[in-house]
Each structure stands twice: as C-alpha cells, then as structure tokens.
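This is final_38.tsv (TSV, C-alpha atoms and all ligand atoms).
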chain	number	residue	atom	x	y	z
D	57	VAL	CA	121.47	128.77	124.46
D	58	ILE	CA	123.11	127.20	127.48
D	59	GLU	CA	123.73	129.51	130.41
D	60	VAL	CA	125.87	128.73	133.42
D	61	ARG	CA	127.13	130.85	136.25
D	62	ALA	CA	129.82	129.91	138.73
D	63	PRO	CA	130.77	132.06	141.74
D	64	GLY	CA	134.17	132.92	143.09
D	65	ARG	CA	135.11	131.98	146.61
D	66	VAL	CA	136.81	133.41	149.64
D	67	ASN	CA	138.70	131.16	152.02
D	68	LEU	CA	137.82	132.03	155.62
D	69	ILE	CA	140.56	129.90	157.15
D	70	GLY	CA	142.73	126.90	156.34
D	71	GLU	CA	145.32	128.54	154.08
D	72	HIS	CA	147.96	126.43	152.32
D	73	THR	CA	146.50	123.35	154.01
D	74	ASP	CA	144.69	121.92	150.99
D	75	TYR	CA	147.80	120.37	149.45
D	76	ASN	CA	148.70	118.90	152.83
D	77	ASP	CA	145.53	116.78	153.05
D	78	GLY	CA	144.17	119.25	155.62
D	79	PHE	CA	141.04	121.25	156.35
D	80	VAL	CA	139.85	124.42	154.64
D	81	MET	CA	136.79	126.59	155.16
D	82	PRO	CA	135.82	128.57	152.05
D	83	ALA	CA	132.52	130.16	151.08
D	84	ALA	CA	131.26	131.08	147.61
D	85	ILE	CA	130.71	134.81	147.11
D	86	GLY	CA	128.28	136.65	144.85
D	87	TYR	CA	130.71	137.55	142.04
D	88	TYR	CA	130.51	135.30	139.03
D	89	THR	CA	131.86	133.87	135.83
D	90	HIS	CA	129.01	133.62	133.31
D	91	VAL	CA	129.26	131.24	130.40
D	92	ARG	CA	126.85	131.26	127.47
D	93	ALA	CA	127.21	128.50	124.90
D	94	ARG	CA	125.42	128.01	121.61
D	95	ARG	CA	125.69	124.56	120.01
D	96	ARG	CA	127.28	124.25	116.58
D	97	ASP	CA	126.75	121.51	114.03
D	98	ASP	CA	130.47	120.99	113.43
D	99	ARG	CA	133.34	119.87	115.67
D	100	ILE	CA	134.65	123.30	116.56
D	101	VAL	CA	134.55	125.05	119.93
D	102	THR	CA	135.22	128.78	119.97
D	103	VAL	CA	135.72	130.57	123.26
D	104	ARG	CA	135.83	134.29	123.80
D	105	SER	CA	136.17	136.18	127.04
D	106	ASP	CA	135.27	139.81	127.59
D	107	ARG	CA	138.49	140.09	129.63
D	108	PHE	CA	140.88	139.21	126.82
D	109	PRO	CA	141.13	140.44	123.22
D	110	GLU	CA	142.32	137.18	121.67
D	111	PRO	CA	139.63	134.49	121.24
D	112	ALA	CA	140.40	130.77	121.17
D	113	ALA	CA	139.21	128.08	118.78
D	114	PHE	CA	139.59	124.34	119.13
D	115	GLN	CA	139.04	121.45	116.75
D	116	LEU	CA	137.52	118.79	119.03
D	117	ASP	CA	139.13	115.92	117.16
D	118	ARG	CA	142.58	117.47	117.37
D	119	LEU	CA	142.82	119.23	120.72
D	120	PRO	CA	146.32	120.71	120.95
D	121	ARG	CA	148.65	119.52	123.71
D	122	THR	CA	150.86	122.60	123.65
D	123	ARG	CA	150.32	125.59	125.91
D	124	ARG	CA	149.45	128.98	124.51
D	125	GLY	CA	150.55	130.49	127.82
D	126	ASP	CA	147.37	132.44	128.48
D	127	TRP	CA	143.74	132.05	129.56
D	128	ALA	CA	142.93	129.73	126.63
D	129	ASP	CA	144.95	126.98	128.36
D	130	TYR	CA	142.23	126.71	131.01
D	131	ALA	CA	139.62	126.16	128.30
D	132	ARG	CA	141.83	123.72	126.42
D	133	GLY	CA	142.50	121.82	129.64
D	134	ILE	CA	138.80	121.48	130.44
D	135	LEU	CA	138.01	120.22	126.93
D	136	ILE	CA	140.86	117.69	127.00
D	137	GLU	CA	139.95	116.39	130.44
D	138	LEU	CA	136.22	116.13	129.67
D	139	ALA	CA	137.03	114.18	126.51
D	140	ALA	CA	139.43	111.97	128.48
D	141	GLY	CA	136.60	111.40	130.98
D	142	GLY	CA	134.53	109.87	128.20
D	143	ILE	CA	132.29	112.85	127.43
D	144	ALA	CA	131.21	113.08	123.78
D	145	LEU	CA	131.86	116.80	123.39
D	146	ARG	CA	129.84	118.85	120.92
D	147	GLY	CA	130.86	121.93	118.97
D	148	ALA	CA	129.82	125.26	120.49
D	149	ASP	CA	130.39	128.99	120.46
D	150	VAL	CA	131.18	130.01	124.03
D	151	LEU	CA	131.10	133.51	125.48
D	152	VAL	CA	132.61	134.18	128.90
D	153	THR	CA	131.84	137.28	130.95
D	154	ALA	CA	132.69	137.91	134.57
D	155	THR	CA	131.86	140.12	137.53
D	156	LEU	CA	134.57	138.34	139.50
D	157	PRO	CA	138.00	139.99	139.57
D	158	LEU	CA	140.67	137.89	137.87
D	159	GLY	CA	143.88	137.03	139.70
D	160	ALA	CA	142.77	138.54	143.01
D	161	GLY	CA	142.78	135.29	144.97
D	162	LEU	CA	139.01	134.82	144.69
D	163	SER	CA	139.49	131.86	142.40
D	164	SER	CA	138.38	133.17	139.06
D	165	SER	CA	140.37	130.26	137.61
D	166	ALA	CA	138.27	127.54	139.25
D	167	SER	CA	135.12	129.56	138.62
D	168	PHE	CA	135.96	129.74	134.90
D	169	GLU	CA	136.90	126.04	134.74
D	170	ILE	CA	133.72	124.89	136.46
D	171	ALA	CA	131.43	127.20	134.48
D	172	LEU	CA	132.94	126.00	131.21
D	173	ALA	CA	132.84	122.34	132.25
D	174	LEU	CA	129.16	122.58	133.21
D	175	ALA	CA	128.34	124.35	129.94
D	176	MET	CA	130.16	121.75	127.83
D	177	LEU	CA	128.48	118.93	129.77
D	178	ALA	CA	125.10	120.55	129.14
D	179	ALA	CA	125.92	120.95	125.43
D	180	ALA	CA	126.78	117.24	125.30
D	181	GLU	CA	123.62	116.39	127.30
D	182	ALA	CA	125.88	114.52	129.67
D	183	SER	CA	126.05	114.52	133.43
D	184	MET	CA	128.89	113.91	135.81
D	185	GLU	CA	129.17	113.65	139.58
D	186	SER	CA	130.33	116.91	141.16
D	187	THR	CA	133.39	115.36	142.83
D	188	GLU	CA	134.47	114.08	139.45
D	189	ILE	CA	133.96	117.50	137.86
D	190	ALA	CA	136.04	119.13	140.61
D	191	ARG	CA	138.85	116.59	140.18
D	192	LEU	CA	138.79	116.98	136.44
D	193	ALA	CA	139.03	120.77	136.66
D	194	GLN	CA	141.91	120.52	139.13
D	195	CYS	CA	143.63	118.13	136.75
D	196	ALA	CA	143.11	120.58	133.87
D	197	GLU	CA	144.88	123.26	135.90
D	198	HIS	CA	147.75	120.93	136.85
D	199	GLU	CA	148.38	119.35	133.48
D	200	HIS	CA	147.46	122.06	131.00
D	201	VAL	CA	148.13	125.32	132.84
D	202	GLY	CA	150.93	124.13	135.12
D	203	ILE	CA	149.55	125.32	138.47
D	204	ARG	CA	149.61	122.60	141.10
D	205	SER	CA	146.66	123.96	143.08
D	206	GLY	CA	144.71	121.99	145.68
D	207	ILE	CA	141.12	120.80	145.31
D	208	MET	CA	139.54	123.46	147.55
D	209	ASP	CA	138.69	126.00	144.87
D	210	GLN	CA	136.79	123.69	142.55
D	211	PHE	CA	134.87	122.21	145.48
D	212	ALA	CA	133.93	125.58	146.89
D	213	VAL	CA	132.76	126.84	143.50
D	214	LEU	CA	130.64	123.74	142.90
D	215	ARG	CA	129.30	122.71	146.28
D	216	SER	CA	128.81	125.87	148.38
D	217	HIS	CA	125.46	126.88	149.81
D	218	ALA	CA	124.09	130.35	150.55
D	219	HIS	CA	124.53	131.51	154.15
D	220	HIS	CA	127.02	128.74	154.88
D	221	ALA	CA	130.74	128.24	155.03
D	222	MET	CA	132.04	124.93	153.77
D	223	LEU	CA	134.32	122.92	156.02
D	224	LEU	CA	136.11	120.62	153.59
D	225	ASP	CA	138.35	117.74	154.52
D	226	THR	CA	140.68	117.74	151.53
D	227	ARG	CA	141.77	114.14	152.26
D	228	THR	CA	138.35	112.51	152.30
D	229	LEU	CA	136.53	115.28	150.39
D	230	GLU	CA	133.90	115.18	153.12
D	231	VAL	CA	131.93	118.44	153.25
D	232	GLU	CA	130.16	119.98	156.21
D	233	LEU	CA	128.13	123.12	155.64
D	234	VAL	CA	128.30	125.37	158.70
D	235	PRO	CA	125.75	128.22	158.93
D	236	VAL	CA	127.12	131.76	159.08
D	237	PRO	CA	124.93	133.77	161.48
D	238	GLU	CA	123.02	136.78	160.12
D	239	ARG	CA	124.82	139.09	162.53
D	240	ALA	CA	128.18	138.28	160.90
D	241	ALA	CA	129.38	139.97	157.73
D	242	ILE	CA	132.27	138.78	155.60
D	243	VAL	CA	134.05	141.68	153.93
D	244	VAL	CA	136.72	141.07	151.31
D	245	ALA	CA	139.27	143.78	150.53
D	246	ASN	CA	141.59	143.76	147.52
D	247	THR	CA	145.08	145.23	148.02
D	248	MET	CA	145.21	145.65	144.22
D	249	VAL	CA	148.74	144.24	144.12
D	250	LYS	CA	149.97	140.89	142.88
D	251	HIS	CA	153.67	140.31	143.30
D	252	ALA	CA	155.34	138.24	140.61
D	253	LEU	CA	156.68	135.85	143.24
D	254	ALA	CA	153.29	134.24	143.83
D	255	ALA	CA	153.45	131.25	141.48
D	256	SER	CA	157.08	130.27	142.08
D	257	GLU	CA	156.79	130.69	145.84
D	258	TYR	CA	153.60	128.61	145.84
D	259	ASN	CA	155.41	125.71	144.27
D	260	ALA	CA	158.39	126.27	146.60
D	261	ARG	CA	156.12	126.04	149.67
D	262	ARG	CA	154.61	122.81	148.39
D	263	ALA	CA	158.09	121.38	147.95
D	264	GLU	CA	159.08	122.48	151.48
D	265	CYS	CA	156.03	120.74	152.94
D	266	GLU	CA	156.85	117.58	151.00
D	267	ALA	CA	160.46	117.75	152.23
D	268	GLY	CA	159.19	118.06	155.80
D	269	VAL	CA	156.97	115.00	155.41
D	270	ARG	CA	159.83	112.93	153.94
D	271	ILE	CA	162.12	113.78	156.86
D	272	LEU	CA	159.42	113.18	159.49
D	273	GLN	CA	158.54	109.85	157.89
D	274	GLN	CA	161.96	108.50	158.84
D	275	THR	CA	160.91	108.46	162.48
D	276	LEU	CA	157.12	108.62	162.00
D	277	PRO	CA	156.60	106.06	159.22
D	278	ARG	CA	152.83	106.14	159.48
D	279	ILE	CA	152.34	109.79	158.45
D	280	ARG	CA	151.27	110.41	154.87
D	281	ALA	CA	150.96	114.18	154.93
D	282	LEU	CA	151.28	117.10	157.36
D	283	ARG	CA	147.61	116.46	158.11
D	284	ASP	CA	148.77	113.50	160.19
D	285	VAL	CA	151.21	115.54	162.29
D	286	THR	CA	150.27	117.29	165.54
D	287	LEU	CA	152.12	120.29	166.94
D	288	GLU	CA	153.50	118.06	169.73
D	289	MET	CA	154.89	115.58	167.22
D	290	LEU	CA	156.42	118.37	165.19
D	291	GLU	CA	158.04	120.00	168.21
D	292	GLN	CA	159.56	116.67	169.24
D	293	HIS	CA	161.24	116.38	165.85
D	294	GLU	CA	162.31	119.98	165.46
D	295	ALA	CA	165.99	119.03	165.49
D	296	ASP	CA	165.54	116.75	162.46
D	297	LEU	CA	164.25	119.54	160.25
D	298	PRO	CA	165.99	122.51	158.62
D	299	ALA	CA	164.78	125.66	160.41
D	300	VAL	CA	162.85	126.98	157.41
D	301	VAL	CA	161.14	123.65	156.77
D	302	TYR	CA	160.23	123.48	160.47
D	303	ARG	CA	158.50	126.86	160.31
D	304	ARG	CA	156.64	125.94	157.12
D	305	CYS	CA	155.41	122.75	158.77
D	306	ARG	CA	154.47	124.62	161.91
D	307	HIS	CA	152.23	126.92	159.90
D	308	VAL	CA	150.45	124.02	158.21
D	309	VAL	CA	150.01	122.01	161.40
D	310	THR	CA	148.71	124.94	163.46
D	311	GLU	CA	146.54	126.22	160.59
D	312	ASP	CA	144.90	122.83	160.29
D	313	ALA	CA	144.09	122.93	163.99
D	314	ARG	CA	142.77	126.49	163.62
D	315	ALA	CA	140.46	125.44	160.78
D	316	GLY	CA	138.93	122.79	163.03
D	317	GLU	CA	138.58	125.25	165.90
D	318	ALA	CA	137.07	127.81	163.54
D	319	ALA	CA	134.36	125.36	162.53
D	320	ASN	CA	133.61	124.81	166.22
D	321	ALA	CA	133.47	128.56	166.84
D	322	LEU	CA	131.14	129.06	163.89
D	323	ARG	CA	128.87	126.19	164.95
D	324	ALA	CA	128.64	127.82	168.38
D	325	GLY	CA	128.05	131.26	166.83
D	326	ASN	CA	131.14	132.55	168.67
D	327	LEU	CA	132.28	135.33	166.35
D	328	ALA	CA	134.90	136.66	168.77
D	329	ALA	CA	136.59	133.24	168.88
D	330	LEU	CA	136.41	132.91	165.10
D	331	GLY	CA	137.90	136.39	164.68
D	332	SER	CA	140.84	135.56	166.95
D	333	LEU	CA	141.54	132.48	164.85
D	334	LEU	CA	141.59	134.61	161.68
D	335	ASN	CA	144.07	136.95	163.34
D	336	ALA	CA	146.30	134.05	164.42
D	337	SER	CA	146.14	132.60	160.91
D	338	HIS	CA	147.50	135.84	159.48
D	339	GLU	CA	150.42	135.95	161.91
D	340	SER	CA	151.31	132.37	161.05
D	341	LEU	CA	151.13	133.02	157.29
D	342	LYS	CA	153.24	136.13	157.72
D	343	ASN	CA	155.92	134.84	160.08
D	344	ASP	CA	156.12	131.07	159.61
D	345	TYR	CA	154.94	130.56	156.06
D	346	GLU	CA	156.20	133.92	154.75
D	347	VAL	CA	153.57	134.38	152.05
D	348	SER	CA	152.24	137.78	153.09
D	349	CYS	CA	153.49	141.13	151.77
D	350	PRO	CA	153.56	144.73	153.06
D	351	GLU	CA	150.25	145.62	151.39
D	352	LEU	CA	148.40	142.66	152.92
D	353	ASP	CA	149.93	143.38	156.32
D	354	ARG	CA	148.91	147.02	156.04
D	355	MET	CA	145.33	146.15	155.05
D	356	VAL	CA	145.05	143.74	157.99
D	357	GLU	CA	146.55	146.23	160.45
D	358	ILE	CA	144.10	148.94	159.41
D	359	ALA	CA	141.14	146.57	159.61
D	360	ARG	CA	141.98	145.60	163.17
D	361	THR	CA	141.67	149.21	164.32
D	362	ILE	CA	138.14	149.65	162.96
D	363	GLU	CA	135.04	149.32	165.11
D	364	GLY	CA	133.01	146.15	164.63
D	365	VAL	CA	135.80	143.92	163.34
D	366	TYR	CA	136.28	140.47	164.92
D	367	GLY	CA	139.31	139.47	162.91
D	368	ALA	CA	141.21	140.00	159.67
D	369	ARG	CA	143.73	138.05	157.64
D	370	MET	CA	145.17	137.61	154.17
D	371	THR	CA	143.29	135.05	152.09
D	372	GLY	CA	144.38	133.01	149.09
D	373	GLY	CA	147.90	132.08	148.11
D	374	GLY	CA	149.47	135.35	149.26
D	375	PHE	CA	151.94	137.95	147.88
D	376	GLY	CA	149.00	140.23	147.18
D	377	GLY	CA	145.34	139.71	146.45
D	378	CYS	CA	142.73	140.03	149.16
D	379	THR	CA	142.13	140.08	152.88
D	380	VAL	CA	139.07	138.56	154.51
D	381	ASN	CA	137.45	140.37	157.44
D	382	LEU	CA	134.86	139.13	159.89
D	383	VAL	CA	132.74	142.10	160.91
D	384	ALA	CA	129.53	142.72	162.85
D	385	ALA	CA	126.82	142.92	160.17
D	386	ASP	CA	125.48	146.27	161.40
D	387	ARG	CA	128.98	147.76	161.16
D	388	ALA	CA	129.93	146.28	157.79
D	389	ALA	CA	129.13	149.25	155.54
D	390	ALA	CA	131.00	151.73	157.74
D	391	PHE	CA	133.86	149.26	158.11
D	392	ALA	CA	134.23	148.97	154.34
D	393	ARG	CA	134.27	152.75	153.87
D	394	ARG	CA	136.82	153.36	156.59
D	395	LEU	CA	139.06	150.52	155.44
D	396	ALA	CA	139.06	151.78	151.86
D	397	ARG	CA	139.76	155.36	152.88
D	398	ALA	CA	142.61	154.52	155.25
D	399	TYR	CA	144.26	152.11	152.81
D	400	ARG	CA	144.13	154.73	150.08
D	401	THR	CA	145.53	157.42	152.35
D	402	GLN	CA	148.39	155.19	153.47
D	403	THR	CA	149.30	153.52	150.17
D	404	GLY	CA	147.96	155.85	147.47
D	405	THR	CA	145.91	152.97	146.02
D	406	MET	CA	142.12	152.74	146.13
D	407	PRO	CA	141.21	149.18	147.12
D	408	GLU	CA	138.17	147.32	145.85
D	409	ILE	CA	135.89	146.03	148.57
D	410	TYR	CA	133.62	143.03	147.97
D	411	ASP	CA	130.58	141.76	149.82
D	412	GLY	CA	131.54	138.28	151.03
D	413	THR	CA	128.02	137.08	151.88
D	414	PRO	CA	128.01	133.33	151.13
D	415	VAL	CA	126.00	132.34	148.04
D	416	ASP	CA	125.10	129.07	146.29
D	417	GLY	CA	127.62	127.20	144.17
D	418	ALA	CA	127.66	126.94	140.37
D	419	GLN	CA	124.34	126.59	138.58
D	420	VAL	CA	123.14	125.77	135.10
D	421	LEU	CA	120.59	128.54	134.59
D	422	HIS	CA	119.44	127.42	131.18
D	423	ALA	CA	120.14	124.29	129.19
C	501	LIG	P1	142.50	133.63	140.74
C	501	LIG	O1	142.05	132.23	140.56
C	501	LIG	O2	142.88	133.93	142.14
C	501	LIG	O3	141.54	134.66	140.21
C	501	LIG	P2	144.55	132.75	138.95
C	501	LIG	O4	145.84	133.33	138.53
C	501	LIG	O5	144.55	131.39	139.56
C	501	LIG	O6	143.85	133.82	139.90
C	501	LIG	O7	143.58	132.66	137.71
C	501	LIG	C1	143.36	133.76	136.86
C	501	LIG	C2	143.42	133.32	135.43
C	501	LIG	O8	142.29	132.44	135.12
C	501	LIG	C3	143.28	134.45	134.44
C	501	LIG	O9	144.51	135.11	134.21
C	501	LIG	C4	142.79	133.72	133.21
C	501	LIG	O10	143.85	133.03	132.57
C	501	LIG	C5	141.84	132.67	133.80
C	501	LIG	N1	140.47	133.23	133.87
C	501	LIG	C6	139.74	133.45	134.98
C	501	LIG	N2	138.56	134.04	134.70
C	501	LIG	C7	138.52	134.18	133.35
C	501	LIG	C8	137.58	134.75	132.43
C	501	LIG	N3	136.41	135.28	132.83
C	501	LIG	N4	137.91	134.74	131.13
C	501	LIG	C9	139.06	134.20	130.70
C	501	LIG	N5	139.99	133.68	131.52
C	501	LIG	C10	139.74	133.65	132.83
C	502	MG	MG	143.19	130.44	140.85
Rewrite the structure from the file as structure tokens, please.
Amino acid sequence: VIEVRAPGRVNLIGEHTDYNDGFVMPAAIGYYTHVRARRRDDRIVTVRSDRFPEPAAFQLDRLPRTRRGDWADYARGILIELAAGGIALRGADVLVTATLPLGAGLSSSASFEIALALAMLAAAEASMESTEIARLAQCAEHEHVGIRSGIMDQFAVLRSHAHHAMLLDTRTLEVELVPVPERAAIVVANTMVKHALAASEYNARRAECEAGVRILQQTLPRIRALRDVTLEMLEQHEADLPAVVYRRCRHVVTEDARAGEAANALRAGNLAALGSLLNASHESLKNDYEVSCPELDRMVEIARTIEGVYGARMTGGGFGGCTVNLVAADRAAAFARRLARAYRTQTGTMPEIYDGTPVDGAQVLHA
C-alpha cells in the first residue's frame, strides 16, 4: 500500500500577488490530506474521499475530458496531466481522507492534487522534479477544474519546511526558507463563511490586474506584470487608469513590497514589524482590492484587541475563509480562546481555530 500525506498551507503575506509574478510567503501547516493507494492489475483507477459520498472511477486508456463539476475533476485533472507528462500510470484503488478543512482557504485543493500526484507517481514507480509536479497540478486545476489559481499553493504544499516560512518568487520560482522564531506563534481562525462571490471575483481581479498591465505598457513598454511596477511608477500613471483598476494595482504593488519587507522583518526576528505588515496587508485587501467581507473584518478587529497579538489579516482569496494571526507563543492558547469566544458572541458562529506552526511539505510515507 502506498501512503502519502500532503499538508495544507497558510499564506502569511503576499495575497493576490502570485498571479502578478510577485512574492508570497506561505507556510505549510499540520493539517493534512492523506492518500492511500493499492495497485490494481487492470487499467482502472478508483478514487473515494471520506468527504464526499460519490466515488469516482477512471479508465486510464480513456480518461474523460468532460467535467463532472465536483471534486472528481481534481483527480481526473491530475491523471490526465500525469499521463500527458509521459508517466505510465498504473491502475489503483485510492482512498482519500483529510484533517484539513475543505474550502477554508488553507488550500485543500493543492494538498489533494499533490498527495494524489505523489501517490500515482509512486504506483507507477516514476519520479518527477518537484517544480514539474507543482506546475502539473496547477495546470490540472486550470484546465480540468477551471480555477485559474497561481503557483503558490502547490509549491507551499510540496516544498515547505518545518519551522520556516517560504518566501517564493512566483516569477523565477526561487525559494528562500526563512526561520520562524520559537517565540512566534501562527494562529489561524476560520470565519466559517464562504461567500458565493469568491470564484467569480477572483477571476475578475485577475482580469483587472491584466487590464492595468496592458494600459501601463503603453507608456512603460518594458513591464511584463505588476511585479515590475513600483508605487512611484504607478502613482505617476494614475491618470491613465480607471479608478478601480488603479486601486487594484495599488494593492498588488504595495503588497509585493510588503512581502519583501516581511521577509526582512522575519530574518531579523522583528515580530512587531512583521505584525504591522500583516495589519497593513489587511487594510489594502479590504479597501483597495475589496476582497474582504464583514466576517473577516470582524475576526481581524477582535484579534487586534487581544493581548499578545502582533498583527492579523485575512488570508487566502477572500470573501470568507480564514484569518492569520501572529501572536507571542506564550500567549497563543489564551489568544485562541478569547478570539473564539468573542467571535461567537458577536456573530453567533463558533469559529474553528487551527495551530499554524509550520511543518514539512508533502511526504511519501510508504511506497
Ligand atoms: P481550498 O483549496 O481553499 O480548501 P478550494 O475551493 O480551492 O478550497 O478547494 C476545495 C475543493 O478541493 C473541494 O471542494 C474538493 O473539490 C477538492 N478537495 C480538497 N480536498 C479534498 C478531499 N480530501 N477529498 C476530495 N476532494 C477534495
Ligand atoms: Mg484551493
């Protein structure tokens, strides 16, 4: 039996920058997708997940191109892309279980994709470079699920290290692991809401960023992405851009700068500076990028009143999901209790709180 586990991830800073060739700083967290696969002698792959009643079955020689419109599309996408990458896939019975919450912005999708890809590679006794696996999983999500997500999630799930955050340059895919000091705790809090807007607004923001780049390129022909634009350049060209596009660009450009500064703060062990950057990131996502929501704003507001917190912000795509909080380690347990209690009192909903201590990336536990 092949056994793989892949973690989820929380993004500390660098939100909505990964499709603008920018910087992100995620860390893997100790909540997992587990995949167990047993080889079969025929050409069939069955996949069942403890989260969904309907299993999926695929004939490897006739992988369907049409979407089922549910979780099985992720599995289908991974199989198609592995086969397209030249992997001689083998039949298998696959069982998926998870301790990671689905759809909460902690990247259960990438975690599932990577866990399944590693299991199918192990079943085929094949190996593949991790950058290629990440790209392939991203492609599966683009082509076969229809979500145009960036490359951050797959990278974080595959390449993270315990006790480190991962500064990733999404243009060059260069990774720097930055140690997270013992005296810092990362606490993740789930608002328990997910507004239906999330997917359509995500694609709308991407389009607005692309529109901004196209307009700016008329006077700045050398820029390829918002990554290449500084705040000064953007301010000089404010008049060329529709007001909304200008604000979207301003978020991306300042967030990219904040991600760089955050890495500096973390390298220096300056938790107060890092916390301020998290706070500024939230304001920018709320006001300029407009991807927050009342529940996220409430969760962040409460967090900032609690002793021991350095900073708090929404994390992930937005419109619900989780906040990430940087807290003094010796205050983390009390912080989590007080945050949960106050959020429940104010909203009537009991939030889930997760330990965000950085863990290692995906591992094949048994092949
Ligand atoms: P997130 O990545 O933030 O958790 P997404 O909406 O991107 O949220 O991905 C969630 C989807 O990924 C699920 O609805 C399901 O289709 C798929 N998925 C993730 N984990 C699993 C799992 N353990 N079993 C089956 N499908 C999964
Ligand atoms: Mg996802």
- [ ] Show which residues sit within 8 Å of D:Ala180, as a list in words. Count all atoms listed in the file, and ignore same-chain residues fewer than 3 positions away.
- [x] Ile143, Ala144, Leu145, Arg146, Met176 and Leu177 of chain D
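All residues of protein, DNA or RNA that reach within 10 Å of D:Leu330, judged by all atoms listed in the file and not counting those fewer than 5 positions away in the chain, are Leu68, Ile69, Arg314, Ala315, Glu317, Ala318, Ala319, Asn320, Ala321, Leu322, Ala324, Gly325, Asn335, Ala336, Tyr366, Gly367 and Leu382 of chain D.
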- [ ] In the coordinate frame of the file, compute which residues have an atom within 12 Å of (155.8, 120.1, 162.5) when using all atoms listed in the file, and state them as number ranges by chain.
- [x] D: 264-273, 276, 279, 281-312, 344
Kindly provide the residues of chain D that approach ligand MG 502 (chain C) to within 6 Å, each paired with its closest atom pair and their distance in Å to one decimal, based on only C-alpha atoms and all ligand atoms, listed by chain and increasing number, as a Markdown table.
| residue | atom | partner | partner_atom | distance |
| --- | --- | --- | --- | --- |
| D:Ser163 | CA | C:MG502 | MG | 4.3 |
| D:Ser164 | CA | C:MG502 | MG | 5.8 |
| D:Ser165 | CA | C:MG502 | MG | 4.3 |
| D:Ala166 | CA | C:MG502 | MG | 5.9 |
Got time to write the residues from that selection, C-alpha atoms, as a tab-separated table (two decimals), keeping the file's coordinate frame?
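The result, stored in again.tsv:
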chain	number	residue	atom	x	y	z
D	163	SER	CA	139.49	131.86	142.40
D	164	SER	CA	138.38	133.17	139.06
D	165	SER	CA	140.37	130.26	137.61
D	166	ALA	CA	138.27	127.54	139.25
Open item on the list: Given only C-alpha atoms and all ligand atoms as the basis, pick out the residue of D:Tyr258, D:Phe79, D:Tyr130, D:Tyr345 nearest to ligand LIG 501 (chain C).
Closed with: D:Tyr130
